[in-house]
>>> print(open('upload_11.txt').read())   # compact mmCIF, C-alpha atoms
# COMPACT_ATOMS: atom_id res chain seq x y z
CA MET O 16 0.00 0.00 0.00
CA ALA O 17 1.49 3.29 -1.14
CA GLN O 18 -0.06 5.76 1.25
CA SER O 19 -2.57 5.40 4.02
CA LYS O 20 -6.19 6.21 3.29
CA GLN O 21 -6.11 8.87 5.96
CA ALA O 22 -3.14 10.70 4.44
CA LEU O 23 -4.64 10.54 0.96
CA ARG O 24 -7.95 11.89 2.14
CA SER O 25 -6.35 14.91 3.76
CA ARG O 26 -4.25 15.63 0.68
CA ILE O 27 -7.31 15.52 -1.56
CA LYS O 28 -8.99 17.97 0.77
CA SER O 29 -6.08 20.39 0.70
CA VAL O 30 -5.70 20.19 -3.08
CA ASN O 31 -9.40 20.88 -3.52
CA SER O 32 -9.37 23.91 -1.25
CA THR O 33 -6.34 25.35 -3.05
CA ARG O 34 -8.14 24.76 -6.29
CA LYS O 35 -11.06 26.80 -5.02
CA ILE O 36 -8.76 29.72 -4.31
CA THR O 37 -6.98 29.62 -7.66
CA SER O 38 -10.20 29.32 -9.58
CA ALA O 39 -11.67 32.28 -7.68
CA MET O 40 -8.55 34.29 -8.48
CA GLU O 41 -8.90 33.31 -12.10
CA MET O 42 -12.43 34.60 -12.18
CA ILE O 43 -11.47 37.85 -10.48
CA ALA O 44 -8.60 38.37 -12.91
CA ASN O 45 -10.99 37.70 -15.75
CA ALA O 46 -13.43 40.35 -14.56
CA LYS O 47 -10.62 42.85 -14.01
CA LEU O 48 -9.19 42.10 -17.41
CA PHE O 49 -12.51 42.90 -18.99
CA ARG O 50 -12.80 46.18 -17.07
CA GLN O 51 -9.27 47.27 -17.97
CA ARG O 52 -9.88 46.51 -21.59
CA THR O 53 -12.94 48.73 -21.63
CA ARG O 54 -10.91 51.55 -20.12
CA MET O 55 -8.20 50.96 -22.66
CA GLU O 56 -10.69 51.24 -25.50
CA ALA O 57 -12.10 54.46 -24.04
CA ASN O 58 -8.70 56.09 -24.12
CA ARG O 59 -7.90 54.99 -27.63
CA GLU O 60 -9.65 57.82 -29.43
CA TYR O 61 -7.97 60.55 -27.39
CA ALA O 62 -4.58 58.96 -27.97
CA GLU O 63 -5.14 58.54 -31.68
CA ARG O 64 -6.37 62.08 -32.24
CA LEU O 65 -3.43 63.56 -30.34
CA GLN O 66 -0.87 61.54 -32.23
CA GLN O 67 -2.54 62.31 -35.50
CA MET O 68 -2.48 66.02 -34.79
CA VAL O 69 1.16 66.10 -33.77
CA ASN O 70 2.13 64.01 -36.77
CA GLU O 71 0.16 66.23 -39.08
CA ILE O 72 1.67 69.42 -37.74
CA VAL O 73 5.21 68.08 -37.95
CA TYR O 74 4.63 66.69 -41.41
CA ARG O 75 3.19 69.92 -42.75
CA ASN O 76 5.97 72.03 -41.38
CA PRO O 77 9.15 70.48 -42.66
CA GLY O 78 12.29 71.90 -41.20
CA LEU O 79 10.53 72.56 -37.95
CA GLU O 80 12.88 72.75 -35.02
CA HIS O 81 11.57 71.84 -31.63
CA GLU O 82 13.39 70.99 -28.44
CA LEU O 83 11.28 67.93 -27.78
CA LEU O 84 11.86 66.52 -31.27
CA LYS O 85 15.63 66.85 -31.33
CA PRO O 86 17.70 64.12 -29.75
CA ASN O 87 20.30 65.40 -27.33
CA ASP O 88 23.52 63.59 -26.58
CA SER O 89 23.25 62.86 -22.88
CA PRO O 90 23.91 59.16 -22.38
CA ARG O 91 21.43 58.88 -19.51
CA LYS O 92 17.98 57.45 -19.96
CA PHE O 93 15.00 58.42 -17.88
CA ALA O 94 12.64 55.48 -17.43
CA ILE O 95 9.27 54.80 -15.94
CA ILE O 96 8.74 51.12 -15.22
CA PHE O 97 5.37 49.50 -14.73
CA CYS O 98 5.03 46.35 -12.66
CA SER O 99 2.28 44.87 -10.52
CA ASP O 100 1.39 45.19 -6.85
CA LEU O 101 0.55 41.56 -6.29
CA GLY O 102 2.36 38.42 -7.27
CA LEU O 103 0.91 35.21 -8.65
CA CYS O 104 0.82 36.48 -12.18
CA GLY O 105 3.29 34.23 -13.93
CA GLY O 106 6.42 35.77 -15.37
CA TYR O 107 4.91 39.24 -15.67
CA ASN O 108 7.16 41.01 -13.17
CA GLN O 109 10.28 39.01 -13.83
CA ASN O 110 10.11 39.73 -17.55
CA ILE O 111 9.92 43.45 -16.85
CA LEU O 112 12.85 43.26 -14.46
CA LYS O 113 14.88 41.36 -17.01
CA LEU O 114 14.19 43.97 -19.66
CA ALA O 115 15.01 46.79 -17.25
CA ARG O 116 18.35 45.13 -16.45
CA SER O 117 19.30 44.89 -20.08
CA GLU O 118 18.05 48.36 -21.08
CA LEU O 119 19.21 50.53 -18.23
CA THR O 120 22.40 51.17 -16.38
CA LYS O 121 22.44 51.59 -12.63
CA GLU O 122 22.82 55.38 -12.87
CA ASP O 123 19.78 55.97 -15.02
CA PRO O 124 16.99 57.73 -13.16
CA VAL O 125 14.00 55.45 -12.81
CA TYR O 126 10.47 55.73 -11.53
CA LEU O 127 8.88 52.45 -10.54
CA VAL O 128 5.12 52.14 -10.54
CA GLY O 129 3.93 49.02 -8.74
CA THR O 130 5.14 47.70 -5.42
CA SER O 131 6.22 44.16 -6.16
CA LEU O 132 9.60 44.97 -7.70
CA TYR O 133 10.40 47.83 -5.32
CA ARG O 134 12.57 45.78 -2.95
CA SER O 135 14.45 43.87 -5.58
CA MET O 136 15.19 46.97 -7.64
CA ILE O 137 16.63 48.74 -4.62
CA GLU O 138 18.71 45.69 -3.80
CA GLU O 139 20.05 45.58 -7.32
CA GLY O 140 21.10 49.21 -6.98
CA PHE O 141 18.86 50.93 -9.51
CA ASN O 142 18.66 54.68 -9.17
CA LEU O 143 15.05 54.94 -8.04
CA LEU O 144 13.50 58.39 -7.87
CA ASN O 145 10.45 57.15 -5.96
CA GLU O 146 10.01 58.46 -2.47
CA GLY O 147 8.33 55.18 -1.66
CA PRO O 148 6.59 52.41 -3.50
CA ILE O 149 3.84 53.67 -5.80
CA SER O 150 0.86 51.37 -5.95
CA SER O 151 -0.10 50.43 -9.47
CA ASP O 152 -3.73 50.02 -8.52
CA HIS O 153 -6.22 52.84 -8.96
CA ILE O 154 -3.90 54.98 -11.00
CA GLN O 155 -5.53 57.99 -12.54
CA PHE O 156 -4.31 60.08 -15.42
CA GLU O 157 -3.29 62.67 -12.82
CA THR O 158 -1.12 60.22 -10.88
CA LEU O 159 1.22 59.65 -13.79
CA LYS O 160 1.34 63.25 -14.92
CA PRO O 161 3.99 64.45 -12.42
CA LEU O 162 6.24 61.48 -13.24
CA VAL O 163 6.14 62.29 -16.94
CA GLU O 164 6.63 65.98 -16.22
CA GLU O 165 9.73 65.17 -14.20
CA GLY O 166 11.08 63.21 -17.16
CA GLU O 167 10.30 66.10 -19.46
CA ARG O 168 12.06 68.54 -17.14
CA GLN O 169 15.20 66.40 -17.00
CA TYR O 170 15.08 66.02 -20.75
CA ASN O 171 14.77 69.75 -21.29
CA GLN O 172 17.73 70.41 -19.03
CA LYS O 173 19.69 67.80 -20.95
CA GLU O 174 20.21 65.70 -17.86
CA VAL O 175 18.90 62.73 -19.79
CA GLY O 176 19.08 61.85 -23.48
CA CYS O 177 15.71 60.19 -23.71
CA VAL O 178 12.60 59.37 -21.74
CA GLN O 179 11.36 55.81 -21.90
CA LEU O 180 8.61 53.63 -20.58
CA ILE O 181 9.16 49.99 -19.79
CA TYR O 182 5.85 48.22 -19.82
CA THR O 183 4.13 45.05 -20.95
CA ARG O 184 2.34 45.19 -24.24
CA PHE O 185 -0.95 43.41 -24.47
CA VAL O 186 -0.77 41.54 -27.76
CA ASN O 187 -3.78 39.34 -27.16
CA THR O 188 -5.32 37.51 -24.21
CA MET O 189 -2.57 34.89 -24.31
CA THR O 190 0.49 36.90 -25.31
CA PHE O 191 2.14 39.71 -23.38
CA ARG O 192 5.42 41.23 -24.37
CA PRO O 193 7.64 43.46 -22.24
CA VAL O 194 8.69 46.40 -24.41
CA VAL O 195 10.37 49.79 -24.28
CA ASP O 196 8.43 52.77 -25.49
CA GLN O 197 10.23 56.00 -26.22
CA LEU O 198 8.44 59.17 -25.17
CA LEU O 199 11.10 61.76 -25.87
CA PRO O 200 12.46 62.69 -28.28
CA CYS O 201 9.25 62.07 -30.18
CA VAL O 202 9.49 59.70 -33.06
CA PHE O 203 7.21 60.15 -36.01
CA ASP O 204 5.33 57.79 -38.08
CA GLU O 205 4.14 59.12 -41.42
CA SER O 206 1.66 56.30 -41.83
CA LYS O 207 -0.47 57.82 -39.09
CA ILE O 208 -1.34 60.85 -41.16
CA THR O 209 -4.79 60.57 -42.53
CA ASP O 210 -5.47 63.43 -44.83
CA THR O 211 -8.94 63.04 -46.16
CA HIS O 212 -8.36 65.51 -48.94
CA ASP O 213 -6.49 63.27 -51.36
CA GLY O 214 -3.08 64.45 -50.36
CA MET O 215 -4.02 68.05 -51.00
CA PHE O 216 -3.35 70.10 -47.92
CA ILE O 217 -6.08 72.40 -46.90
CA GLU O 218 -4.84 75.57 -45.37
CA THR O 219 -5.04 75.49 -41.62
CA LEU O 220 -4.64 78.28 -39.14
CA PHE O 221 -2.28 77.53 -36.29
CA GLU O 222 -2.87 79.92 -33.47
CA PRO O 223 -0.86 81.38 -31.89
CA ASN O 224 1.89 79.49 -33.77
CA VAL O 225 3.12 76.00 -34.51
CA THR O 226 5.82 75.96 -31.84
CA SER O 227 3.54 76.91 -29.01
CA ILE O 228 0.94 74.41 -30.18
CA LEU O 229 3.58 71.71 -30.10
CA ASN O 230 4.65 72.94 -26.67
CA THR O 231 1.20 72.05 -25.47
CA LEU O 232 0.51 69.05 -27.64
CA ILE O 233 3.67 67.03 -27.11
CA PRO O 234 3.45 67.01 -23.29
CA MET O 235 -0.24 66.15 -23.58
CA MET O 236 0.61 63.35 -25.94
CA ILE O 237 3.39 61.78 -23.90
CA GLN O 238 1.33 62.00 -20.72
CA ASP O 239 -1.40 60.17 -22.49
CA VAL O 240 1.00 57.61 -23.90
CA ALA O 241 2.17 56.94 -20.34
CA TYR O 242 -1.40 56.55 -19.20
CA SER O 243 -2.34 54.21 -22.00
CA ASP O 244 0.84 52.17 -21.53
CA TRP O 245 -0.02 51.83 -17.87
CA MET O 246 -3.46 50.58 -18.81
CA GLU O 247 -1.94 48.14 -21.22
CA SER O 248 0.38 46.92 -18.48
CA THR O 249 -2.41 46.30 -15.99
CA THR O 250 -4.45 44.60 -18.67
CA SER O 251 -1.47 42.34 -19.32
CA GLU O 252 -1.06 41.79 -15.60
CA GLN O 253 -4.63 40.59 -15.25
CA GLY O 254 -4.31 38.47 -18.37
CA SER O 255 -1.08 36.99 -17.11
CA ARG O 256 -2.62 36.29 -13.71
CA ARG O 257 -5.64 34.72 -15.29
CA MET O 258 -3.44 32.40 -17.29
CA ALA O 259 -1.27 31.48 -14.31
CA MET O 260 -4.34 30.77 -12.21
CA LYS O 261 -5.96 28.77 -14.95
CA THR O 262 -2.89 26.57 -15.18
CA ALA O 263 -2.89 26.20 -11.40
CA THR O 264 -6.56 25.23 -11.38
CA ASP O 265 -6.03 22.71 -14.16
CA ASN O 266 -3.09 21.21 -12.31
CA ALA O 267 -5.13 20.98 -9.14
CA ASP O 268 -7.87 19.19 -11.04
CA GLU O 269 -5.41 16.71 -12.43
CA LEU O 270 -3.74 16.14 -9.08
CA SER O 271 -7.02 15.70 -7.29
CA GLU O 272 -8.10 13.13 -9.89
CA GLN O 273 -4.87 11.16 -9.46
CA LEU O 274 -5.16 11.24 -5.70
CA LEU O 275 -8.76 10.11 -5.83
CA LEU O 276 -7.75 7.18 -8.00
CA GLU O 277 -5.02 6.27 -5.56
CA TYR O 278 -7.41 6.65 -2.66
CA ASN O 279 -9.94 4.32 -4.29
CA LYS O 280 -7.21 1.79 -4.98
CA ALA O 281 -6.15 1.90 -1.34
CA ARG O 282 -9.75 1.56 -0.22
CA GLN O 283 -10.32 -1.43 -2.53
CA ALA O 284 -7.09 -3.05 -1.37
CA ALA O 285 -8.21 -2.71 2.24
CA ILE O 286 -11.59 -4.29 1.46
CA THR O 287 -9.99 -7.16 -0.48
CA GLN O 288 -7.60 -7.78 2.35
CA GLU O 289 -10.43 -7.84 4.87
CA ILE O 290 -12.44 -10.34 2.77
CA THR O 291 -9.36 -12.54 2.35
CA GLU O 292 -8.85 -12.45 6.08
CA ILE O 293 -12.49 -13.37 6.79
CA VAL O 294 -12.48 -16.17 4.20
CA GLY O 295 -9.14 -17.41 5.52
CA GLY O 296 -10.51 -17.28 9.06
CA SER O 297 -13.70 -19.22 8.23
CA ASP O 298 -11.65 -21.87 6.37
CA ALA O 299 -9.60 -22.36 9.48
CA VAL O 300 -12.74 -22.95 11.54
CA MET D 23 -28.13 76.94 -41.09
CA SER D 24 -25.30 74.51 -40.73
CA LYS D 25 -24.13 73.63 -37.27
CA ILE D 26 -20.84 72.66 -35.75
CA HIS D 27 -20.44 69.07 -34.77
CA CYS D 28 -18.55 69.24 -31.51
CA ARG D 29 -16.74 66.33 -29.87
CA ILE D 30 -15.10 66.63 -26.51
CA ILE D 31 -12.48 63.93 -26.00
CA THR D 32 -10.71 63.20 -22.72
CA PRO D 33 -8.27 60.46 -21.70
CA ARG D 34 -11.25 58.69 -20.14
CA GLY D 35 -13.14 58.55 -23.40
CA VAL D 36 -15.51 60.79 -25.35
CA TYR D 37 -17.02 63.14 -22.79
CA LYS D 38 -19.77 64.53 -24.98
CA GLU D 39 -20.77 64.86 -28.59
CA PHE D 40 -23.32 67.39 -29.78
CA TYR D 41 -24.29 69.98 -32.39
CA THR D 42 -23.94 73.65 -31.67
CA SER D 43 -24.30 76.92 -33.53
CA ILE D 44 -21.27 78.50 -31.87
CA VAL D 45 -18.22 77.38 -29.93
CA ASN D 46 -16.79 79.96 -27.54
CA VAL D 47 -13.41 79.09 -26.11
CA ASP D 48 -10.63 80.70 -24.10
CA THR D 49 -7.48 80.43 -26.19
CA VAL D 50 -4.03 81.56 -25.15
CA ASP D 51 -4.60 84.61 -27.36
CA GLY D 52 -7.86 85.49 -25.74
CA ARG D 53 -11.50 84.57 -25.96
CA ARG D 54 -12.69 83.43 -29.33
CA GLY D 55 -16.00 82.45 -30.88
CA ILE D 56 -16.08 79.97 -33.74
CA LEU D 57 -19.07 79.97 -36.07
CA PRO D 58 -19.96 77.31 -38.64
CA ASN D 59 -17.89 77.20 -41.84
CA HIS D 60 -14.87 78.71 -40.15
CA MET D 61 -11.60 77.88 -41.86
CA PRO D 62 -9.55 74.98 -40.47
CA LEU D 63 -7.96 75.96 -37.21
CA VAL D 64 -5.76 74.48 -34.54
CA THR D 65 -5.49 76.42 -31.33
CA VAL D 66 -4.32 75.98 -27.76
CA LEU D 67 -6.92 76.38 -25.03
CA LYS D 68 -5.99 77.75 -21.68
CA ILE D 69 -7.71 76.99 -18.42
CA GLY D 70 -11.05 78.65 -18.92
CA LYS D 71 -14.59 78.45 -20.09
CA LEU D 72 -16.24 76.77 -23.05
CA SER D 73 -19.73 77.83 -23.96
CA THR D 74 -22.01 76.47 -26.64
CA GLU D 75 -25.55 76.77 -27.95
CA GLU D 76 -26.84 73.24 -27.96
CA GLU D 77 -30.28 71.87 -28.55
CA SER D 78 -30.80 71.89 -24.83
CA GLY D 79 -29.93 75.59 -24.72
CA ARG D 80 -26.83 77.43 -23.67
CA GLN D 81 -24.26 75.24 -21.94
CA GLU D 82 -21.13 76.22 -20.11
CA TYR D 83 -18.16 74.05 -19.25
CA ALA D 84 -15.00 74.51 -17.23
CA VAL D 85 -12.02 73.34 -19.29
CA ALA D 86 -8.62 72.56 -17.77
CA GLY D 87 -6.68 73.59 -20.87
CA GLY D 88 -6.21 71.57 -24.02
CA VAL D 89 -6.35 71.82 -27.79
CA LEU D 90 -9.11 72.63 -30.23
CA TYR D 91 -9.02 71.28 -33.74
CA PHE D 92 -11.58 72.65 -36.13
CA ARG D 93 -12.10 71.47 -39.66
CA ASP D 94 -15.12 70.86 -41.94
CA ASN D 95 -17.52 71.98 -39.24
CA LEU D 96 -16.15 69.37 -36.88
CA ALA D 97 -14.72 70.80 -33.68
CA GLU D 98 -12.67 68.40 -31.63
CA ILE D 99 -11.65 69.48 -28.18
CA LEU D 100 -8.94 67.43 -26.54
CA THR D 101 -8.59 68.13 -22.85
CA ASP D 102 -7.40 66.52 -19.62
CA ALA D 103 -10.51 67.48 -17.70
CA ILE D 104 -13.81 69.13 -18.47
CA GLU D 105 -16.95 69.64 -16.41
CA ASN D 106 -20.33 71.03 -17.15
CA LYS D 107 -21.33 74.01 -15.04
CA ASP D 108 -23.87 71.85 -13.20
CA GLU D 109 -21.44 69.04 -12.46
CA ILE D 110 -18.87 71.09 -10.60
CA ASP D 111 -18.38 70.31 -6.94
CA TYR D 112 -17.93 73.87 -5.69
CA GLU D 113 -17.03 72.78 -2.20
CA ARG D 114 -14.16 70.70 -3.49
CA ALA D 115 -13.04 73.49 -5.81
CA GLU D 116 -12.99 75.88 -2.86
CA GLN D 117 -10.88 73.45 -0.85
CA ALA D 118 -8.51 73.07 -3.78
CA ARG D 119 -8.24 76.84 -4.04
CA GLN D 120 -7.35 77.19 -0.37
CA ARG D 121 -4.83 74.38 -0.60
CA ALA D 122 -3.15 75.91 -3.63
CA GLN D 123 -3.12 79.35 -2.06
CA ARG D 124 -1.57 78.03 1.15
CA ARG D 125 1.10 76.34 -0.87
CA LEU D 126 1.87 79.49 -2.84
CA GLU D 127 2.10 81.60 0.30
CA SER D 128 4.29 79.21 2.24
CA ASN D 129 7.99 79.93 2.10
CA ASP D 130 8.86 76.31 1.57
CA LEU D 131 11.45 76.01 -1.17
CA ASN D 132 10.49 72.45 -1.97
CA ILE D 133 7.15 73.23 -3.52
CA ASP D 134 6.65 73.36 -7.22
CA LEU D 135 5.49 76.93 -7.81
CA LYS D 136 4.31 76.37 -11.33
CA ARG D 137 2.18 73.41 -10.37
CA ALA D 138 0.65 75.24 -7.45
CA GLN D 139 -0.19 78.16 -9.74
CA ILE D 140 -1.85 75.86 -12.24
CA ALA D 141 -3.81 74.18 -9.47
CA LEU D 142 -4.95 77.58 -8.25
CA GLN D 143 -6.00 78.62 -11.76
CA LYS D 144 -7.99 75.44 -12.22
CA ALA D 145 -9.74 75.86 -8.88
CA LEU D 146 -10.54 79.51 -9.58
CA ASN D 147 -11.82 78.62 -13.02
CA ARG D 148 -14.27 76.18 -11.50
CA ILE D 149 -15.35 78.59 -8.79
CA ASN D 150 -15.89 81.37 -11.32
CA MET D 151 -18.38 79.26 -13.22
CA ARG D 152 -20.93 79.70 -10.50
>>> encode(input="upload_11.txt", output="structure tokens")
Amino acid sequence: MAQSKQALRSRIKSVNSTRKITSAMEMIANAKLFRQRTRMEANREYAERLQQMVNEIVYRNPGLEHELLKPNDSPRKFAIIFCSDLGLCGGYNQNILKLARSELTKEDPVYLVGTSLYRSMIEEGFNLLNEGPISSDHIQFETLKPLVEEGERQYNQKEVGCVQLIYTRFVNTMTFRPVVDQLLPCVFDESKITDTHDGMFIETLFEPNVTSILNTLIPMMIQDVAYSDWMESTTSEQGSRRMAMKTATDNADELSEQLLLEYNKARQAAITQEITEIVGGSDAV
Amino acid sequence: MSKIHCRIITPRGVYKEFYTSIVNVDTVDGRRGILPNHMPLVTVLKIGKLSTEEESGRQEYAVAGGVLYFRDNLAEILTDAIENKDEIDYERAEQARQRAQRRLESNDLNIDLKRAQIALQKALNRINMR
């Protein structure tokens, strides 16, 4: 007999109760994933319009010189990193940390949003600007704004050569990819220009002037990019957690089935043994 | 008469979409009214008021700065925050005003003057809507 009936029974019980927890977490992650996705969709239009406008203005004014468009030669990178508050979400946090290690040097100024990597990043000696851990839950547009503004300030004073975001891109519900997004200097994508007038530019008034419009638009745009990247990160986090919990639940199911089989075998063996003993006993009489 | 199709877009989604016969905005160059069939225009909005003539009558909004893009009778307003006159929580705005003022008056060197000034402007803008 492999294991006693008693021991098997208590293991089955513990596996089943763990399974209950993981499957509840899966369902919660699923609901949160859905909510985050709706928020992500809501932001999409704002983000698209802003990018379109900036692209259009830059495209229509060739030779335009703007501080936030020109790369400067400081070797430092300013980065905002998004991770989660809670664990149990598969490789989500570790993948971000790995990317951060390969992208950044220890001197680069970094803001970390999310509490789970806070300790390990300090231990590894990253130059964290945070005064304390920033929770990645319940972030509003306004929470990220000062972080981005700080990056912009350092960029303008040429303390850093670029401003980056390290976040997890939500490819689909099964795939999440840690990526680096560059906020400053702005990079332009001509494919985003949608001129409805068959390539013919209609004259547009820029008031007061193009530079001051860009002065307003670019900060607005990068703040929004930060916000939408954060949303994408949390969506990925929930997706990643859902997947991890689904695997855990499936494993628990499998384990509980195996244990039950073993338990039944043990039970049957005990019965057979008892019968043999009784039959043996009656023969003797 | 043709009307302006106005869309107000915030990071949280489309705030409102409506038709209006005039769009009055506070731009960095001063207050400006835009009538239908205006030529294409891109302008920067400062913290101020937006007023429109909608089907439901005259409406006023407090805008926390942003950009207006006008073209083909479509006015798109991109802004961080916008509130209708009736939605404003005046008590909260008053608290924000006091907080900002305290911060501006304190001699603490660590405070961000520019941010405190902007906060004060936003609070005053809301209060002035009353």
>>> residues_around(input="upload_11.txt", residues="segment 155-168 of chain O", least_positions_apart="2", cutoff="10 Å", atoms="all atoms listed in the file", output="mmCIF file with C-alpha atoms, keeping the file's coordinate frame")
data_model
loop_
_atom_site.group_PDB
_atom_site.id
_atom_site.type_symbol
_atom_site.label_atom_id
_atom_site.label_comp_id
_atom_site.auth_asym_id
_atom_site.auth_seq_id
_atom_site.Cartn_x
_atom_site.Cartn_y
_atom_site.Cartn_z
ATOM 1 C CA LEU O 83 11.280 67.930 -27.780
ATOM 2 C CA LYS O 92 17.980 57.450 -19.960
ATOM 3 C CA PHE O 93 15.000 58.420 -17.880
ATOM 4 C CA ALA O 94 12.640 55.480 -17.430
ATOM 5 C CA ILE O 95 9.270 54.800 -15.940
ATOM 6 C CA PRO O 124 16.990 57.730 -13.160
ATOM 7 C CA VAL O 125 14.000 55.450 -12.810
ATOM 8 C CA TYR O 126 10.470 55.730 -11.530
ATOM 9 C CA LEU O 127 8.880 52.450 -10.540
ATOM 10 C CA VAL O 128 5.120 52.140 -10.540
ATOM 11 C CA LEU O 144 13.500 58.390 -7.870
ATOM 12 C CA ASN O 145 10.450 57.150 -5.960
ATOM 13 C CA ILE O 149 3.840 53.670 -5.800
ATOM 14 C CA SER O 151 -0.100 50.430 -9.470
ATOM 15 C CA ASP O 152 -3.730 50.020 -8.520
ATOM 16 C CA HIS O 153 -6.220 52.840 -8.960
ATOM 17 C CA TYR O 170 15.080 66.020 -20.750
ATOM 18 C CA ASN O 171 14.770 69.750 -21.290
ATOM 19 C CA GLN O 172 17.730 70.410 -19.030
ATOM 20 C CA LYS O 173 19.690 67.800 -20.950
ATOM 21 C CA GLU O 174 20.210 65.700 -17.860
ATOM 22 C CA VAL O 175 18.900 62.730 -19.790
ATOM 23 C CA CYS O 177 15.710 60.190 -23.710
ATOM 24 C CA VAL O 178 12.600 59.370 -21.740
ATOM 25 C CA GLN O 179 11.360 55.810 -21.900
ATOM 26 C CA LEU O 180 8.610 53.630 -20.580
ATOM 27 C CA LEU O 198 8.440 59.170 -25.170
ATOM 28 C CA LEU O 199 11.100 61.760 -25.870
ATOM 29 C CA PRO O 200 12.460 62.690 -28.280
ATOM 30 C CA PRO O 234 3.450 67.010 -23.290
ATOM 31 C CA MET O 235 -0.240 66.150 -23.580
ATOM 32 C CA ILE O 237 3.390 61.780 -23.900
ATOM 33 C CA GLN O 238 1.330 62.000 -20.720
ATOM 34 C CA ASP O 239 -1.400 60.170 -22.490
ATOM 35 C CA VAL O 240 1.000 57.610 -23.900
ATOM 36 C CA ALA O 241 2.170 56.940 -20.340
ATOM 37 C CA TYR O 242 -1.400 56.550 -19.200
ATOM 38 C CA SER O 243 -2.340 54.210 -22.000
ATOM 39 C CA TRP O 245 -0.020 51.830 -17.870
ATOM 40 C CA MET O 246 -3.460 50.580 -18.810
ATOM 41 C CA PRO D 33 -8.270 60.460 -21.700
ATOM 42 C CA ARG D 34 -11.250 58.690 -20.140
ATOM 43 C CA ASP D 102 -7.400 66.520 -19.620
ATOM 44 C CA ALA D 103 -10.510 67.480 -17.700
ATOM 45 C CA ARG D 137 2.180 73.410 -10.370
#
>>> closest_residue(input="upload_11.txt", among="O:Lys28, O:Lys47, O:Arg184, O:Arg64", to="chain D", atoms="all atoms listed in the file")
O:Arg64
>>> closest_residue(input="upload_11.txt", among="D:Thr65, D:Glu77, D:Val89, D:Glu98", to="Val36 of chain D", atoms="only C-alpha atoms")
D:Glu98
>>> residues_around(input="upload_11.txt", residues="Tyr41 of chain D", least_positions_apart="2", cutoff="7 Å", atoms="only C-alpha atoms", output="list in words")
Lys25, Ile26, His27, Cys28 and Glu76 of chain D
>>> residues_around(input="upload_11.txt", residues="Arg93 of chain D", least_positions_apart="6", cutoff="7 Å", atoms="all atoms listed in the file", output="PDB file with C-alpha atoms, keeping the file's coordinate frame")
ATOM      1  CA  MET D  61     -11.600  77.880 -41.860  1.00  0.00           C
ATOM      2  CA  PRO D  62      -9.550  74.980 -40.470  1.00  0.00           C
ATOM      3  CA  LEU D  63      -7.960  75.960 -37.210  1.00  0.00           C
TER       4      LEU D  63
END
